[in-house]
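**Student:** Below is the structure I would like to discuss, written out as structure tokens.
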Amino acid sequence: MAHIRFRSAVAPLRRNLFTRPATLPTVDRMVADLQPAEPMHCIRPQVLVSTARRFIDLFGAATGGDVLYAVKCNPDPAFLRALYRGGVRHFDCASPAEIRVVRQMFSDAHIHYMHPVKNRAAIAKAWNEFAVRDFSLDSQEELDKILAVTGKAPADLGLFIRLAMPKSAAAYDLSGKFGATLEQAVELLRRARPRAARLGICFHVGSQMMDPAAYEAGLAIAGRVIQAAGVAIDVVDVGGGFPVSYPDMDPPDLRLYMAAIARGVQALDLPAGTRIWCEPGRALVAGGGSVVVQVERRRGDELFINDGVYGSLSDAGVPAFRFPCRLIRRSDADLVAFSFWGPTCDSADRMKGPFLLPADIQEGDWIEIGQLGAYGATLRTEFNGFDQARLVEVVDSPLLATPGHAIAPQLPEMAA
Ligand SMILES: Cc1ncc(COP(=O)(O)O)c(C=O)c1O
């Protein structure tokens, strides 16, 4: 019989890293067996492995470069393990807790600390305890901090200047918080060069970026900075932002993004040996996770469910992402639009959707919500005590296919 874990999903970084989640044949079978009254997090290992392999192959073919998984997107050990099986060896971490989980799981992992603002204790922990050598920064103050903590100019220090990007059309614009202006970046590159064994420039075009040309434009800005600085660069990092499908978002094929990056890199005419990196999060893990929720009450076209914006459906709240849904039982009723209320007492715990589900849905039914491997469980809170969840492995295909990437459902015995 499958081994099921109950856990506080709010603390994935503190869990036992090597406990394997359950392996059950399909989501439907698992619901029939377990009748879950708490949200059920479903991991599709074969989807994660296959998605990582494809991404690494496409990025490698376009640039010869390295793919850093953005751990913040989903630090669950089961997800990390599957990505590692898919070939991921580089990890973009943003905190000592993320670094610890990766270092404990994979002794050969290359860990890069790509949060541009870190406190001194965190830098020291990363450097001394976890042998992290690469740090991003976007200010002179941060450069001073890193040099003070790591000992001025150690032989193996990597420094990556984060460039500000213009406001973007991405679902999540990331232009406001981090990033040096062009002038600041030029100055930082010049100051960092004599201190760095590896000097890089990095940027993020915004998460769920629907326009491949944004990467080419970002690379052109990076090129202007590199030229103005007049110093040798070892790494150009195009960041994350690669999109996945949602019911109302149909992104271009990933190959068009790779082609745009290849064009942008070529236009920079970089010296041979310059490495190209990227830091995908969402694109690697969204399809590999879903959540099964139960309907606790129906009020017209509003469904009260047992997960919400303080749980793994944060993105269904204010940014109002629409997620793919399916009722876990047979129904011939027409699909109609529903909105969701989460389990907490807060009126903000509302997901307006619309979520398309059969008109005869009722209390006690289970719904599977897809594309939640990214920015789902990792955002859960303990608010109102609704932090219990189960974690299981399943063999189903994702609820929404990735354009150009067919993942065949596997036989249960192939899932381990
Ligand atoms: C520095 C950095 N890299 C990568 C990512 C991952 O972005 P995405 O999930 O859009 O690929 C993020 C997300 O916020 C980020 O801040």
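Ordering of the structure tokens sets the chain letters (A, B, ...), residue numbers begin anew at 1 in every chain, and ligands are numbered from 1 in the order given.
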Using only C-alpha atoms and all ligand atoms, I'd like a table of the residues in chain A that come within 7 Å of ligand 1; for each, show the closest atom pair and its distance in Å rounded to one decimal, ordered by chain and ascending number, as CSV.

**Tutor:**
```
residue,atom,partner,partner_atom_place_in_ligand_line,distance
A:Ala70,CA,ligand 1,4 (C),4.9
A:Cys73,CA,ligand 1,9 (O),5.8
A:Asp92,CA,ligand 1,3 (N),6.7
A:Met114,CA,ligand 1,1 (C),5.5
A:His115,CA,ligand 1,1 (C),6.0
A:His204,CA,ligand 1,2 (C),6.4
A:Gly206,CA,ligand 1,10 (O),6.3
A:Ser207,CA,ligand 1,10 (O),3.4
A:Gln208,CA,ligand 1,10 (O),5.4
A:Gly239,CA,ligand 1,3 (N),5.2
A:Gly240,CA,ligand 1,11 (O),3.5
A:Gly241,CA,ligand 1,10 (O),3.3
A:Phe242,CA,ligand 1,11 (O),5.2
A:Glu279,CA,ligand 1,4 (C),4.7
A:Pro280,CA,ligand 1,11 (O),3.7
A:Gly281,CA,ligand 1,9 (O),3.5
A:Arg282,CA,ligand 1,9 (O),3.9
A:Ala283,CA,ligand 1,11 (O),6.1
```

**Student:** Write the residues of the preceding selection, restricted to C-alpha atoms, as a PDB file, in the first residue's frame.

**Tutor:**
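out.pdb, written as the output of this step:
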```
ATOM      1  CA  ALA A  70      14.918  28.946  -9.444  1.00  0.00           C
ATOM      2  CA  CYS A  73       9.291  28.444  -7.302  1.00  0.00           C
ATOM      3  CA  ASP A  92      19.379  29.627  -8.224  1.00  0.00           C
ATOM      4  CA  MET A 114      20.951  35.212  -6.946  1.00  0.00           C
ATOM      5  CA  HIS A 115      19.039  37.438  -4.535  1.00  0.00           C
ATOM      6  CA  HIS A 204      14.813  39.098 -15.265  1.00  0.00           C
ATOM      7  CA  GLY A 206       9.293  39.362 -15.651  1.00  0.00           C
ATOM      8  CA  SER A 207       7.529  36.123 -14.785  1.00  0.00           C
ATOM      9  CA  GLN A 208       5.174  34.430 -17.276  1.00  0.00           C
ATOM     10  CA  GLY A 239      17.023  34.980 -15.873  1.00  0.00           C
ATOM     11  CA  GLY A 240      13.657  33.267 -15.641  1.00  0.00           C
ATOM     12  CA  GLY A 241      10.210  34.264 -16.853  1.00  0.00           C
ATOM     13  CA  PHE A 242       9.579  31.446 -19.353  1.00  0.00           C
ATOM     14  CA  GLU A 279      17.046  30.751 -14.270  1.00  0.00           C
ATOM     15  CA  PRO A 280      13.660  29.205 -15.072  1.00  0.00           C
ATOM     16  CA  GLY A 281      11.244  28.415 -12.257  1.00  0.00           C
ATOM     17  CA  ARG A 282       7.661  28.245 -13.458  1.00  0.00           C
ATOM     18  CA  ALA A 283       8.466  26.627 -16.817  1.00  0.00           C
TER      19      ALA A 283
END
```

**Student:** Would you please extract all strand (DSSP E or B) residues from region 104-152 of chain A, as assigned by DSSP on the backbone, and give them as a list in words?

**Tutor:**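 Selection result, strand (DSSP E or B) within region 104-152 of chain A: His110, Ile111, His112, Tyr113, Asp134, Phe135, Ser136 and Leu137 of chain A.
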
**Student:** Against region 131-154 of chain A, which residues of region 189-297 of chain A fall within 10 Å? For each one I want the closest pair of atoms and the distance in Å (one decimal), counting only C-alpha atoms, rows by chain and increasing residue number, as a tab-separated table.

**Tutor:**
```
residue	atom	partner	partner_atom	distance
A:Arg191	CA	A:Gln140	CA	8.7
A:Ala192	CA	A:Leu143	CA	7.6
A:Pro194	CA	A:Ala153	CA	8.0
A:Arg195	CA	A:Ala153	CA	4.7
A:Ala196	CA	A:Ala153	CA	6.8
A:Ala197	CA	A:Pro154	CA	8.1
A:Arg198	CA	A:Asp134	CA	8.1
A:Leu199	CA	A:Asp134	CA	9.2
A:Gly200	CA	A:Ser136	CA	8.6
A:Ile201	CA	A:Ser136	CA	8.6
A:Cys202	CA	A:Ser136	CA	8.0
```

**Student:** Could you dump the residues just selected with C-alpha atoms as a PDB file, in the first residue's frame?

**Tutor:**
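Done, and the output landed in result23.pdb:
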```pdb
ATOM      1  CA  ARG A 191      34.473  47.938  -9.628  1.00  0.00           C
ATOM      2  CA  ALA A 192      33.628  44.247  -9.416  1.00  0.00           C
ATOM      3  CA  PRO A 194      39.209  43.181 -10.229  1.00  0.00           C
ATOM      4  CA  ARG A 195      37.526  41.375  -7.300  1.00  0.00           C
ATOM      5  CA  ALA A 196      35.786  38.610  -9.228  1.00  0.00           C
ATOM      6  CA  ALA A 197      37.024  35.312 -10.570  1.00  0.00           C
ATOM      7  CA  ARG A 198      33.721  35.198 -12.491  1.00  0.00           C
ATOM      8  CA  LEU A 199      31.967  38.381 -13.479  1.00  0.00           C
ATOM      9  CA  GLY A 200      28.469  38.211 -14.867  1.00  0.00           C
ATOM     10  CA  ILE A 201      25.517  40.320 -15.813  1.00  0.00           C
ATOM     11  CA  CYS A 202      21.991  39.105 -15.106  1.00  0.00           C
TER      12      CYS A 202
END
```

**Student:** Do you know which residues are at most 7 Å from Ala260 (chain A) counting only C-alpha atoms, after dropping those on the same chain fewer than 5 positions away, and could you put them as a list of chain:residue names?

**Tutor:**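 Here the qualifying residues turn out to be A:Pro212, A:Ala213, A:Tyr215, A:Glu216.
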
**Student:** Near Arg44 (chain A), counting only C-alpha atoms, which residues have an atom at most 7 Å away, once you skip same-chain residues fewer than 5 positions from it, shown as a ChimeraX atom specification?

**Tutor:** /A:288-289,393-396

**Student:** Excluding region 357-369 of chain A and any residue of its chain fewer than 4 positions from it, enumerate the residues within 6 Å of it, using only C-alpha atoms, and give them as a ChimeraX atom specification.

**Tutor:** /A:290-297,324-328,333-336

**Student:** Between CA of Ala316 (chain A) and CA of Leu379 (chain A), measure the distance and give it in Å to one decimal.

**Tutor:**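 Interatomic distance here is 11.9 Å.
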
**Student:** One decimal, in Å: what's the spacing between CA of Ser331 (chain A) and CA of Gln35 (chain A)?

**Tutor:**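 Those two atoms sit 18.3 Å apart.
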
**Student:** Compare A:Ala164, A:Leu254, A:Ile99, A:Gly342 by their minimum atom-to-atom distance to Thr51 (chain A), counting only C-alpha atoms, and give me the closest one.

**Tutor:**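 Looking at the shortest contact to Thr51 (chain A), the residue is A:Leu254.
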
**Student:** Using only C-alpha atoms, which residue out of A:Gly230, A:Gly300, A:Arg329, A:Pro75 lies closest to Arg29 (chain A)?

**Tutor:**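 The answer is A:Arg329, which sits nearest to Arg29 (chain A).
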
**Student:** Given the choices A:Ala169, A:Ala222, A:Ala52, A:Ala337, which gets closest to Val67 (chain A) if the distance is worked out from only C-alpha atoms?

**Tutor:**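 Nearest to Val67 (chain A): A:Ala52.
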
**Student:** Considering only C-alpha atoms, return as an MDAnalysis selection string whatever protein or nucleic-acid residues lie within 10 Å of Asp250 (chain A), sequence-local ones (same chain, fewer than 4 positions apart) excluded.

**Tutor:** chainID A and resid 210 243:246 402:403

**Student:** Go ahead and write the selection's residues with C-alpha atoms as a compact mmCIF listing (two decimals), in the first residue's frame.

**Tutor:**
```txt
# COMPACT_ATOMS: atom_id res chain seq x y z
CA MET A 210 4.47 36.00 -23.12
CA PRO A 243 5.81 30.94 -19.45
CA VAL A 244 3.45 27.97 -19.26
CA SER A 245 -0.12 27.50 -20.42
CA TYR A 246 -3.11 28.59 -18.35
CA THR A 402 2.92 22.58 -22.92
CA PRO A 403 2.95 23.80 -26.53
```

**Student:** I'd like the neighbourhood of Val102 (chain A) as a list of chain:residue names, where a residue qualifies if any of its atoms comes within 8 Å (using only C-alpha atoms), though same-chain residues fewer than 4 positions away should be ignored.

**Tutor:**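 Here the answer would be A:Leu80, A:Phe91, A:Glu98, A:Phe106, A:Ala109, A:Ile111.
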